[in-house]
file target20.csv (CSV, C-alpha atoms and all ligand atoms)
chain,number,residue,atom,x,y,z
A,1,MET,CA,-3.0,23.9,-22.1
A,2,SER,CA,-3.6,20.2,-22.0
A,3,LEU,CA,-3.1,19.7,-18.2
A,4,ASP,CA,-5.4,22.6,-17.1
A,5,GLY,CA,-7.4,21.5,-14.1
A,6,LYS,CA,-5.1,18.6,-13.3
A,7,THR,CA,-3.1,18.2,-10.1
A,8,ALA,CA,0.4,16.6,-10.3
A,9,LEU,CA,2.7,15.3,-7.6
A,10,VAL,CA,6.4,15.0,-8.3
A,11,THR,CA,8.4,13.2,-5.7
A,12,GLY,CA,11.9,14.7,-5.3
A,13,GLY,CA,10.7,17.8,-7.1
A,14,SER,CA,13.0,20.0,-5.2
A,15,ARG,CA,16.1,19.5,-7.3
A,16,GLY,CA,17.6,18.1,-10.5
A,17,ILE,CA,15.3,16.2,-12.8
A,18,GLY,CA,12.3,16.5,-10.5
A,19,ARG,CA,12.5,20.3,-10.6
A,20,ALA,CA,12.6,20.3,-14.4
A,21,VAL,CA,9.6,18.0,-14.4
A,22,CYS,CA,7.7,20.3,-12.0
A,23,LEU,CA,8.4,23.2,-14.3
A,24,GLU,CA,7.3,21.3,-17.4
A,25,LEU,CA,4.0,20.1,-15.9
A,26,ALA,CA,3.2,23.5,-14.6
A,27,ALA,CA,3.9,25.0,-18.0
A,28,GLN,CA,1.3,22.5,-19.4
A,29,GLY,CA,-1.2,23.9,-16.9
A,30,ALA,CA,-1.1,21.5,-14.0
A,31,THR,CA,-1.0,22.5,-10.4
A,32,VAL,CA,2.2,20.9,-9.2
A,33,GLY,CA,2.9,19.4,-5.8
A,34,ILE,CA,6.7,19.7,-5.2
A,35,ASN,CA,7.8,17.0,-2.8
A,36,TYR,CA,11.2,16.9,-0.9
A,37,VAL,CA,12.5,15.0,2.0
A,38,SER,CA,15.0,17.4,3.7
A,39,ASN,CA,15.8,20.4,1.4
A,40,SER,CA,12.8,22.6,1.9
A,41,ALA,CA,14.7,25.7,0.6
A,42,ALA,CA,15.3,23.9,-2.7
A,43,ALA,CA,11.6,23.0,-2.9
A,44,ASP,CA,10.7,26.7,-2.3
A,45,GLU,CA,13.0,27.7,-5.1
A,46,THR,CA,11.2,25.3,-7.5
A,47,LEU,CA,7.9,26.8,-6.4
A,48,ALA,CA,9.2,30.3,-7.0
A,49,ALA,CA,10.4,29.3,-10.5
A,50,ILE,CA,6.9,27.9,-11.3
A,51,THR,CA,5.2,31.0,-10.0
A,52,ALA,CA,7.6,33.3,-11.9
A,53,ALA,CA,6.7,31.5,-15.1
A,54,GLY,CA,3.0,32.0,-14.4
A,55,GLY,CA,2.2,28.5,-13.1
A,56,THR,CA,0.8,27.2,-9.9
A,57,GLY,CA,2.1,24.7,-7.3
A,58,PHE,CA,2.7,23.9,-3.7
A,59,VAL,CA,5.4,22.4,-1.6
A,60,VAL,CA,4.9,19.1,0.3
A,61,GLY,CA,7.6,17.4,2.4
A,62,PHE,CA,7.6,13.7,3.2
A,63,ASP,CA,9.8,10.7,2.9
A,64,VAL,CA,8.5,8.4,0.1
A,65,ALA,CA,9.6,5.3,2.0
A,66,ASP,CA,7.4,6.2,5.0
A,67,SER,CA,4.0,4.9,4.1
A,68,ALA,CA,2.2,6.6,6.9
A,69,ALA,CA,3.6,10.0,6.0
A,70,VAL,CA,2.8,9.4,2.3
A,71,GLN,CA,-0.8,8.5,3.1
A,72,GLN,CA,-1.3,11.6,5.2
A,73,ALA,CA,0.2,13.8,2.5
A,74,ILE,CA,-2.1,12.4,-0.2
A,75,LYS,CA,-5.0,12.8,2.2
A,76,ASP,CA,-4.1,16.5,2.6
A,77,ILE,CA,-3.5,17.0,-1.1
A,78,THR,CA,-6.9,15.4,-1.9
A,79,ALA,CA,-8.6,17.7,0.6
A,80,ASP,CA,-6.9,20.8,-0.8
A,81,HIS,CA,-6.7,20.0,-4.5
A,82,GLY,CA,-9.2,17.3,-5.2
A,83,GLY,CA,-6.6,14.4,-5.5
A,84,VAL,CA,-3.6,13.6,-7.6
A,85,ASP,CA,-4.2,13.1,-11.3
A,86,ILE,CA,-0.5,12.7,-12.3
A,87,LEU,CA,2.1,11.1,-10.1
A,88,VAL,CA,5.8,11.2,-11.1
A,89,ASN,CA,7.8,8.8,-8.9
A,90,ASN,CA,11.2,10.5,-9.3
A,91,ALA,CA,12.7,10.6,-5.8
A,92,GLY,CA,15.9,8.6,-5.8
A,93,ILE,CA,19.2,8.2,-4.1
A,94,THR,CA,22.5,6.3,-4.7
A,95,ARG,CA,24.6,4.5,-2.1
A,96,ASP,CA,27.3,3.1,-4.4
A,97,GLY,CA,29.9,0.4,-3.5
A,98,LEU,CA,31.1,-2.9,-4.8
A,99,MET,CA,28.9,-5.8,-3.8
A,100,VAL,CA,31.7,-7.4,-1.9
A,101,ARG,CA,31.8,-4.4,0.5
A,102,MET,CA,28.1,-3.2,0.2
A,103,LYS,CA,26.4,-2.8,3.6
A,104,GLU,CA,23.0,-4.2,4.1
A,105,SER,CA,21.9,-0.7,5.1
A,106,ASP,CA,23.0,0.7,1.7
A,107,TRP,CA,21.0,-1.9,0.0
A,108,ASP,CA,17.9,-1.2,2.1
A,109,ALA,CA,18.2,2.6,1.8
A,110,VAL,CA,18.3,2.5,-2.0
A,111,LEU,CA,15.5,-0.1,-2.3
A,112,ASP,CA,13.3,1.7,0.2
A,113,THR,CA,13.5,5.1,-1.5
A,114,ASN,CA,13.8,4.1,-5.2
A,115,LEU,CA,11.5,1.1,-5.4
A,116,LYS,CA,9.3,1.0,-2.2
A,117,GLY,CA,8.8,4.7,-2.5
A,118,ALA,CA,7.1,4.2,-5.9
A,119,PHE,CA,4.9,1.5,-4.3
A,120,THR,CA,3.8,3.7,-1.4
A,121,CYS,CA,3.0,6.7,-3.5
A,122,SER,CA,1.3,4.8,-6.3
A,123,LYS,CA,-0.9,2.9,-3.8
A,124,ALA,CA,-1.9,6.1,-2.0
A,125,VAL,CA,-3.0,7.9,-5.2
A,126,MET,CA,-4.5,5.0,-7.2
A,127,ARG,CA,-8.0,4.9,-5.6
A,128,GLY,CA,-8.6,8.5,-6.4
A,129,MET,CA,-7.5,8.0,-10.0
A,130,MET,CA,-9.7,4.9,-10.3
A,131,LYS,CA,-12.7,6.9,-9.2
A,132,LYS,CA,-12.0,9.6,-11.8
A,133,ARG,CA,-11.3,7.0,-14.4
A,134,TRP,CA,-8.2,8.9,-15.5
A,135,GLY,CA,-4.6,9.0,-14.3
A,136,ARG,CA,-1.0,9.1,-15.2
A,137,ILE,CA,1.8,7.3,-13.2
A,138,ILE,CA,5.3,7.9,-14.5
A,139,ASN,CA,8.2,6.2,-12.9
A,140,ILE,CA,11.8,7.5,-13.3
A,141,THR,CA,14.0,4.5,-13.8
A,142,SER,CA,17.6,4.6,-15.2
A,143,VAL,CA,19.7,3.3,-18.0
A,144,ILE,CA,21.6,1.5,-15.2
A,145,GLY,CA,18.5,-0.7,-14.7
A,146,PHE,CA,18.9,-2.0,-18.3
A,147,LEU,CA,22.7,-2.1,-18.6
A,148,GLY,CA,23.8,-2.9,-15.0
A,149,ASN,CA,26.8,-1.1,-13.5
A,150,GLY,CA,29.6,-2.3,-11.3
A,151,GLY,CA,29.3,-0.6,-7.9
A,152,GLN,CA,25.5,-0.1,-8.2
A,153,VAL,CA,23.9,-3.5,-7.6
A,154,ASN,CA,21.4,-1.8,-5.2
A,155,TYR,CA,20.5,1.0,-7.6
A,156,ALA,CA,20.3,-1.3,-10.7
A,157,ALA,CA,18.1,-3.7,-8.9
A,158,ALA,CA,15.7,-0.9,-7.8
A,159,LYS,CA,15.6,0.7,-11.2
A,160,ALA,CA,15.1,-2.7,-13.1
A,161,GLY,CA,12.4,-3.5,-10.4
A,162,LEU,CA,10.6,-0.3,-11.3
A,163,VAL,CA,10.1,-1.5,-14.9
A,164,GLY,CA,8.4,-4.8,-13.9
A,165,PHE,CA,6.4,-2.9,-11.3
A,166,SER,CA,5.2,-0.4,-13.9
A,167,LYS,CA,4.3,-3.1,-16.5
A,168,SER,CA,2.2,-5.0,-13.9
A,169,MET,CA,0.5,-1.9,-12.6
A,170,ALA,CA,-0.2,-0.8,-16.2
A,171,ARG,CA,-2.1,-4.1,-16.7
A,172,GLU,CA,-4.1,-3.7,-13.5
A,173,LEU,CA,-5.1,-0.1,-14.1
A,174,ALA,CA,-5.7,0.0,-17.9
A,175,ALA,CA,-9.4,-0.6,-17.7
A,176,ARG,CA,-9.8,2.6,-15.7
A,177,GLN,CA,-7.8,4.6,-18.3
A,178,ILE,CA,-4.9,5.0,-16.0
A,179,THR,CA,-1.6,4.7,-17.8
A,180,VAL,CA,1.7,3.7,-16.1
A,181,ASN,CA,5.0,4.3,-17.9
A,182,CYS,CA,8.7,4.7,-17.2
A,183,VAL,CA,11.3,7.2,-18.3
A,184,ALA,CA,14.9,5.9,-18.3
A,185,PRO,CA,17.4,8.7,-18.2
A,186,GLY,CA,21.0,8.1,-19.1
A,187,TYR,CA,23.7,10.4,-17.5
A,188,ILE,CA,22.1,13.7,-16.7
A,189,VAL,CA,23.8,16.8,-15.2
A,190,THR,CA,22.4,17.0,-11.6
A,191,ASP,CA,23.6,16.9,-8.0
A,192,MET,CA,23.5,13.1,-8.3
A,193,THR,CA,26.2,13.1,-11.0
A,194,SER,CA,28.1,16.3,-9.9
A,195,ASP,CA,30.8,14.4,-8.0
A,196,LEU,CA,31.9,12.3,-11.0
A,197,SER,CA,35.5,13.2,-11.8
A,198,GLU,CA,36.5,14.8,-15.1
A,199,ASP,CA,38.1,11.5,-16.2
A,200,ILE,CA,35.0,9.5,-15.4
A,201,GLN,CA,32.8,12.1,-17.2
A,202,GLU,CA,35.1,11.8,-20.3
A,203,MET,CA,34.8,8.0,-20.1
A,204,ILE,CA,31.0,8.2,-19.9
A,205,LYS,CA,30.8,10.7,-22.9
A,206,ALA,CA,32.8,8.3,-25.0
A,207,ARG,CA,30.0,5.7,-24.5
A,208,ILE,CA,27.3,8.2,-25.6
A,209,PRO,CA,26.7,8.5,-29.3
A,210,LEU,CA,25.3,12.0,-29.0
A,211,GLY,CA,28.6,12.9,-27.1
A,212,THR,CA,27.3,14.8,-24.1
A,213,LEU,CA,25.5,14.3,-20.8
A,214,GLY,CA,21.8,15.2,-20.9
A,215,THR,CA,20.0,17.9,-19.1
A,216,PRO,CA,17.1,17.7,-16.7
A,217,GLU,CA,14.9,19.4,-19.3
A,218,ASP,CA,15.7,16.5,-21.8
A,219,VAL,CA,14.1,14.1,-19.3
A,220,ALA,CA,11.2,16.5,-18.4
A,221,ALA,CA,10.1,16.7,-22.0
A,222,ALA,CA,9.6,12.9,-22.1
A,223,VAL,CA,7.7,13.0,-18.8
A,224,GLY,CA,5.6,15.9,-20.1
A,225,TYR,CA,4.6,13.8,-23.1
A,226,LEU,CA,3.7,10.8,-20.9
A,227,ALA,CA,1.6,13.0,-18.7
A,228,SER,CA,-0.3,14.5,-21.6
A,229,VAL,CA,-3.6,13.6,-23.2
A,230,GLU,CA,-1.6,12.9,-26.4
A,231,SER,CA,0.0,9.8,-24.8
A,232,SER,CA,-3.4,8.2,-23.9
A,233,TYR,CA,-2.7,5.0,-26.0
A,234,MET,CA,0.7,4.3,-24.4
A,235,THR,CA,1.0,2.2,-21.3
A,236,GLY,CA,3.6,-0.2,-19.8
A,237,GLN,CA,6.3,1.4,-21.9
A,238,THR,CA,9.7,2.9,-21.2
A,239,LEU,CA,11.0,6.0,-23.0
A,240,HIS,CA,14.8,6.0,-23.1
A,241,VAL,CA,16.5,9.5,-22.8
A,242,ASN,CA,20.2,8.7,-22.9
A,243,GLY,CA,21.9,10.2,-26.0
A,244,GLY,CA,21.9,6.7,-27.6
A,245,MET,CA,24.1,4.9,-25.0
A,246,TYR,CA,21.4,2.2,-24.7
A,247,MET,CA,19.1,1.5,-27.6
A,248,GLY,CA,17.3,-1.6,-26.5
A,249,ASN,CA,13.8,-1.8,-25.0
A,301,LIG,N1,21.1,12.3,-12.7
A,301,LIG,C1,21.2,11.2,-13.5
A,301,LIG,O1,22.1,11.0,-14.2
A,301,LIG,C2,20.1,10.2,-13.4
A,301,LIG,C3,20.2,9.1,-14.4
A,301,LIG,C4,19.2,8.2,-14.4
A,301,LIG,C5,18.1,8.2,-13.5
A,301,LIG,N2,18.1,9.2,-12.5
A,301,LIG,C6,17.0,9.2,-11.6
A,301,LIG,O2,16.3,10.4,-11.7
A,301,LIG,C7,15.7,10.7,-10.4
A,301,LIG,C8,16.2,12.1,-10.0
A,301,LIG,O3,17.6,12.2,-10.0
A,301,LIG,P1,18.4,13.5,-9.8
A,301,LIG,O4,19.7,13.3,-10.5
A,301,LIG,O5,17.5,14.7,-10.2
A,301,LIG,O6,18.7,13.5,-8.2
A,301,LIG,P2,19.1,14.6,-7.2
A,301,LIG,O7,19.5,15.9,-7.9
A,301,LIG,O8,20.0,14.0,-6.3
A,301,LIG,O9,17.7,14.9,-6.5
A,301,LIG,C9,17.1,13.9,-5.7
A,301,LIG,C10,15.7,14.3,-5.3
A,301,LIG,O10,15.1,13.3,-4.6
A,301,LIG,C11,14.6,13.7,-3.4
A,301,LIG,N3,14.6,12.6,-2.4
A,301,LIG,C12,15.6,11.8,-2.1
A,301,LIG,N4,15.2,10.9,-1.2
A,301,LIG,C13,13.9,11.1,-0.9
A,301,LIG,C14,12.9,10.5,-0.1
A,301,LIG,N5,13.2,9.5,0.7
A,301,LIG,N6,11.7,11.0,-0.1
A,301,LIG,C15,11.4,12.1,-0.9
A,301,LIG,N7,12.2,12.7,-1.7
A,301,LIG,C16,13.5,12.2,-1.7
A,301,LIG,C17,15.5,14.8,-3.0
A,301,LIG,O11,14.9,15.7,-2.0
A,301,LIG,P3,15.8,16.7,-1.1
A,301,LIG,O12,16.1,17.9,-2.0
A,301,LIG,O13,14.9,17.1,0.0
A,301,LIG,O14,17.1,16.0,-0.8
A,301,LIG,C18,15.7,15.5,-4.4
A,301,LIG,O15,14.6,16.3,-4.7
A,301,LIG,C19,16.2,9.6,-9.4
A,301,LIG,O16,15.3,8.6,-9.3
A,301,LIG,C20,17.4,9.1,-10.1
A,301,LIG,O17,17.7,7.8,-9.8
A,301,LIG,C21,19.1,10.2,-12.5

call {"tool": "encode", "arguments": {"input": "target20.csv", "output": "structure tokens"}}
result
Amino acid sequence: MSLDGKTALVTGGSRGIGRAVCLELAAQGATVGINYVSNSAAADETLAAITAAGGTGFVVGFDVADSAAVQQAIKDITADHGGVDILVNNAGITRDGLMVRMKESDWDAVLDTNLKGAFTCSKAVMRGMMKKRWGRIINITSVIGFLGNGGQVNYAAAKAGLVGFSKSMARELAARQITVNCVAPGYIVTDMTSDLSEDIQEMIKARIPLGTLGTPEDVAAAVGYLASVESSYMTGQTLHVNGGMYMGN
């Protein structure tokens, strides 16, 4: 398998898209660090699923926005597993509301987790990747970062920010054979979208040429490709996994 001997870290690997990504990378042979912030039981379930499928992994709890906690976790992973070869910045939250009513704390929470979290984790792993002259950083952005969405100025800003962040880091790290890419999911069936009403879901489906919401596995397949040796000549790119609802780049 192409990722044999590699260590991956998936932030927010306990549930949803992150869990599917953990399973995909473990199936490709990586040892997978499953990060969570509060739901340790869900992270344990992800680990059990990996183990049941014959893979290897470990659970690691920390808040991606807490740089001291991130640095300590990466230090521990480096001591136990020789560093992080593949980082998937997937942890994300929403705090939706129209701009006119949005609290500053909702802006800060979303920017801290969804954008600063990618900075803290990437910064903590990059020296190790530079020494090895190999690495993969994959940032999970969103179709909302490209289209915008009323009620999500904080989320859209964070997700669009991840794209510029990734392109810039891709340029900085290319000489060391470290690639940095994004995956931009459309609407995917997870806890994040589970409270959308039937009516809203039907409205969303009407905007999706392929006619359905996506699955976490649809997204994980794209991440698996960007983590693989086969994607070595791709950096600074975004793979869109959205059923056709946005076709630009
Ligand atoms: N679902 C969609 O339609 C969709 C579409 C486009 C993009 N995305 C993006 O895809 C990513 C995953 O979304 P999802 O739908 O799978 O979300 P989800 O089911 O709500 O899961 C969120 C994950 O992030 C973790 N997390 C949240 N805050 C964290 C923090 N501060 N530090 C560490 N981990 C944290 C959660 O950990 P706990 O289990 O401990 O809470 C959980 O594992 C997000 O970045 C999201 O913005 C999702």

call {"tool": "residues_around", "arguments": {"input": "target20.csv", "residues": "range 113-128 of chain A", "least_positions_apart": "4", "cutoff": "8 Å", "atoms": "all atoms listed in the file", "output": "VMD selection string"}}
result
chain A and resid 64 to 67 70 to 71 74 83 to 84 87 89 91 to 93 109 132 137 139 155 158 to 159 161 to 162

call {"tool": "closest_residue", "arguments": {"input": "target20.csv", "among": "A:Asn242, A:Asn90, A:Ser232, A:Thr51", "to": "ligand LIG 301 (chain A)", "atoms": "all atoms listed in the file"}}
result
A:Asn90

call {"tool": "residues_near_ligand", "arguments": {"input": "target20.csv", "ligand": "ligand LIG 301 (chain A)", "cutoff": "7 Å", "atoms": "all atoms listed in the file", "output": "PyMOL selection string"}}
result
chain A and resi 11-18+35-40+42-43+62-65+90-93+113-114+140-143+184-193

call {"tool": "atom_distance", "arguments": {"input": "target20.csv", "atom1": "CA of Lys205 in chain A", "atom2": "CA of Asn154 in chain A"}}
result
23.6 Å

call {"tool": "closest_residue", "arguments": {"input": "target20.csv", "among": "A:Ala227, A:Met203, A:Val60, A:Met99", "to": "Gly29 in chain A", "atoms": "only C-alpha atoms"}}
result
A:Ala227

call {"tool": "residues_near_point", "arguments": {"input": "target20.csv", "point": "(4.1, 31.6, -8.1)", "cutoff": "12 Å", "atoms": "all atoms listed in the file", "output": "PyMOL selection string"}}
result
chain A and resi 23+26-27+31-32+44-59

call {"tool": "closest_residue", "arguments": {"input": "target20.csv", "among": "A:Cys22, A:Leu111, A:Leu239, A:Ala222", "to": "Ala156 in chain A", "atoms": "all atoms listed in the file"}}
result
A:Leu111

call {"tool": "residues_near_point", "arguments": {"input": "target20.csv", "point": "(29.8, -3.4, -9.6)", "cutoff": "10 Å", "atoms": "all atoms listed in the file", "output": "PyMOL selection string"}}
result
chain A and resi 96-100+102+148-154+156

call {"tool": "decode", "arguments": {"input": "target20.csv", "residues": "range 159-188 of chain A", "atoms": "N, CA and C atoms", "output": "PDB file, in the first residue's frame"}}
result
ATOM      1  N   LYS A 159     -13.022  29.787   5.198  1.00  0.00           N
ATOM      2  CA  LYS A 159     -12.796  28.775   4.156  1.00  0.00           C
ATOM      3  C   LYS A 159     -12.097  29.372   2.930  1.00  0.00           C
ATOM      4  N   ALA A 160     -12.471  30.602   2.544  1.00  0.00           N
ATOM      5  CA  ALA A 160     -11.757  31.270   1.448  1.00  0.00           C
ATOM      6  C   ALA A 160     -10.326  31.560   1.878  1.00  0.00           C
ATOM      7  N   GLY A 161     -10.155  31.931   3.143  1.00  0.00           N
ATOM      8  CA  GLY A 161      -8.813  32.190   3.673  1.00  0.00           C
ATOM      9  C   GLY A 161      -7.913  30.974   3.575  1.00  0.00           C
ATOM     10  N   LEU A 162      -8.472  29.806   3.776  1.00  0.00           N
ATOM     11  CA  LEU A 162      -7.673  28.575   3.697  1.00  0.00           C
ATOM     12  C   LEU A 162      -7.066  28.376   2.304  1.00  0.00           C
ATOM     13  N   VAL A 163      -7.762  28.855   1.286  1.00  0.00           N
ATOM     14  CA  VAL A 163      -7.268  28.665  -0.085  1.00  0.00           C
ATOM     15  C   VAL A 163      -6.010  29.506  -0.321  1.00  0.00           C
ATOM     16  N   GLY A 164      -6.054  30.769   0.075  1.00  0.00           N
ATOM     17  CA  GLY A 164      -4.869  31.630  -0.065  1.00  0.00           C
ATOM     18  C   GLY A 164      -3.731  31.159   0.816  1.00  0.00           C
ATOM     19  N   PHE A 165      -4.070  30.724   2.015  1.00  0.00           N
ATOM     20  CA  PHE A 165      -3.091  30.158   2.949  1.00  0.00           C
ATOM     21  C   PHE A 165      -2.387  28.962   2.298  1.00  0.00           C
ATOM     22  N   SER A 166      -3.164  28.095   1.674  1.00  0.00           N
ATOM     23  CA  SER A 166      -2.608  26.865   1.081  1.00  0.00           C
ATOM     24  C   SER A 166      -1.710  27.178  -0.111  1.00  0.00           C
ATOM     25  N   LYS A 167      -2.154  28.109  -0.959  1.00  0.00           N
ATOM     26  CA  LYS A 167      -1.342  28.454  -2.140  1.00  0.00           C
ATOM     27  C   LYS A 167      -0.005  29.057  -1.715  1.00  0.00           C
ATOM     28  N   SER A 168      -0.049  29.899  -0.686  1.00  0.00           N
ATOM     29  CA  SER A 168       1.193  30.542  -0.223  1.00  0.00           C
ATOM     30  C   SER A 168       2.133  29.527   0.406  1.00  0.00           C
ATOM     31  N   MET A 169       1.578  28.655   1.237  1.00  0.00           N
ATOM     32  CA  MET A 169       2.422  27.636   1.872  1.00  0.00           C
ATOM     33  C   MET A 169       2.951  26.665   0.818  1.00  0.00           C
ATOM     34  N   ALA A 170       2.145  26.365  -0.187  1.00  0.00           N
ATOM     35  CA  ALA A 170       2.607  25.475  -1.269  1.00  0.00           C
ATOM     36  C   ALA A 170       3.860  26.047  -1.922  1.00  0.00           C
ATOM     37  N   ARG A 171       3.867  27.361  -2.132  1.00  0.00           N
ATOM     38  CA  ARG A 171       5.054  27.994  -2.744  1.00  0.00           C
ATOM     39  C   ARG A 171       6.260  27.917  -1.808  1.00  0.00           C
ATOM     40  N   GLU A 172       6.021  28.123  -0.503  1.00  0.00           N
ATOM     41  CA  GLU A 172       7.137  28.101   0.456  1.00  0.00           C
ATOM     42  C   GLU A 172       7.758  26.726   0.603  1.00  0.00           C
ATOM     43  N   LEU A 173       6.959  25.679   0.445  1.00  0.00           N
ATOM     44  CA  LEU A 173       7.427  24.332   0.803  1.00  0.00           C
ATOM     45  C   LEU A 173       7.741  23.439  -0.388  1.00  0.00           C
ATOM     46  N   ALA A 174       7.483  23.924  -1.594  1.00  0.00           N
ATOM     47  CA  ALA A 174       7.634  23.067  -2.778  1.00  0.00           C
ATOM     48  C   ALA A 174       9.049  22.528  -2.942  1.00  0.00           C
ATOM     49  N   ALA A 175      10.051  23.354  -2.611  1.00  0.00           N
ATOM     50  CA  ALA A 175      11.440  22.927  -2.816  1.00  0.00           C
ATOM     51  C   ALA A 175      11.791  21.716  -1.958  1.00  0.00           C
ATOM     52  N   ARG A 176      11.022  21.503  -0.892  1.00  0.00           N
ATOM     53  CA  ARG A 176      11.274  20.342  -0.011  1.00  0.00           C
ATOM     54  C   ARG A 176      10.350  19.169  -0.344  1.00  0.00           C
ATOM     55  N   GLN A 177       9.691  19.218  -1.484  1.00  0.00           N
ATOM     56  CA  GLN A 177       8.784  18.131  -1.899  1.00  0.00           C
ATOM     57  C   GLN A 177       7.614  17.942  -0.923  1.00  0.00           C
ATOM     58  N   ILE A 178       7.205  19.053  -0.339  1.00  0.00           N
ATOM     59  CA  ILE A 178       6.002  19.031   0.510  1.00  0.00           C
ATOM     60  C   ILE A 178       4.890  19.688  -0.289  1.00  0.00           C
ATOM     61  N   THR A 179       3.795  18.975  -0.508  1.00  0.00           N
ATOM     62  CA  THR A 179       2.690  19.564  -1.266  1.00  0.00           C
ATOM     63  C   THR A 179       1.594  20.036  -0.310  1.00  0.00           C
ATOM     64  N   VAL A 180       0.919  21.105  -0.717  1.00  0.00           N
ATOM     65  CA  VAL A 180      -0.168  21.677   0.094  1.00  0.00           C
ATOM     66  C   VAL A 180      -1.356  21.899  -0.842  1.00  0.00           C
ATOM     67  N   ASN A 181      -2.446  21.219  -0.563  1.00  0.00           N
ATOM     68  CA  ASN A 181      -3.624  21.310  -1.424  1.00  0.00           C
ATOM     69  C   ASN A 181      -4.885  21.405  -0.578  1.00  0.00           C
ATOM     70  N   CYS A 182      -5.981  21.753  -1.246  1.00  0.00           N
ATOM     71  CA  CYS A 182      -7.282  21.821  -0.566  1.00  0.00           C
ATOM     72  C   CYS A 182      -8.261  20.840  -1.188  1.00  0.00           C
ATOM     73  N   VAL A 183      -9.199  20.412  -0.374  1.00  0.00           N
ATOM     74  CA  VAL A 183     -10.399  19.743  -0.882  1.00  0.00           C
ATOM     75  C   VAL A 183     -11.582  20.606  -0.449  1.00  0.00           C
ATOM     76  N   ALA A 184     -12.451  20.917  -1.406  1.00  0.00           N
ATOM     77  CA  ALA A 184     -13.614  21.769  -1.121  1.00  0.00           C
ATOM     78  C   ALA A 184     -14.901  20.957  -1.275  1.00  0.00           C
ATOM     79  N   PRO A 185     -15.423  20.429  -0.168  1.00  0.00           N
ATOM     80  CA  PRO A 185     -16.684  19.684  -0.269  1.00  0.00           C
ATOM     81  C   PRO A 185     -17.861  20.625  -0.513  1.00  0.00           C
ATOM     82  N   GLY A 186     -18.885  20.071  -1.168  1.00  0.00           N
ATOM     83  CA  GLY A 186     -20.180  20.745  -1.237  1.00  0.00           C
ATOM     84  C   GLY A 186     -20.971  20.365   0.007  1.00  0.00           C
ATOM     85  N   TYR A 187     -22.256  20.052  -0.155  1.00  0.00           N
ATOM     86  CA  TYR A 187     -23.069  19.650   1.004  1.00  0.00           C
ATOM     87  C   TYR A 187     -22.921  18.146   1.222  1.00  0.00           C
ATOM     88  N   ILE A 188     -22.435  17.783   2.409  1.00  0.00           N
ATOM     89  CA  ILE A 188     -22.114  16.400   2.736  1.00  0.00           C
ATOM     90  C   ILE A 188     -22.943  15.990   3.957  1.00  0.00           C
TER      91      ILE A 188
END
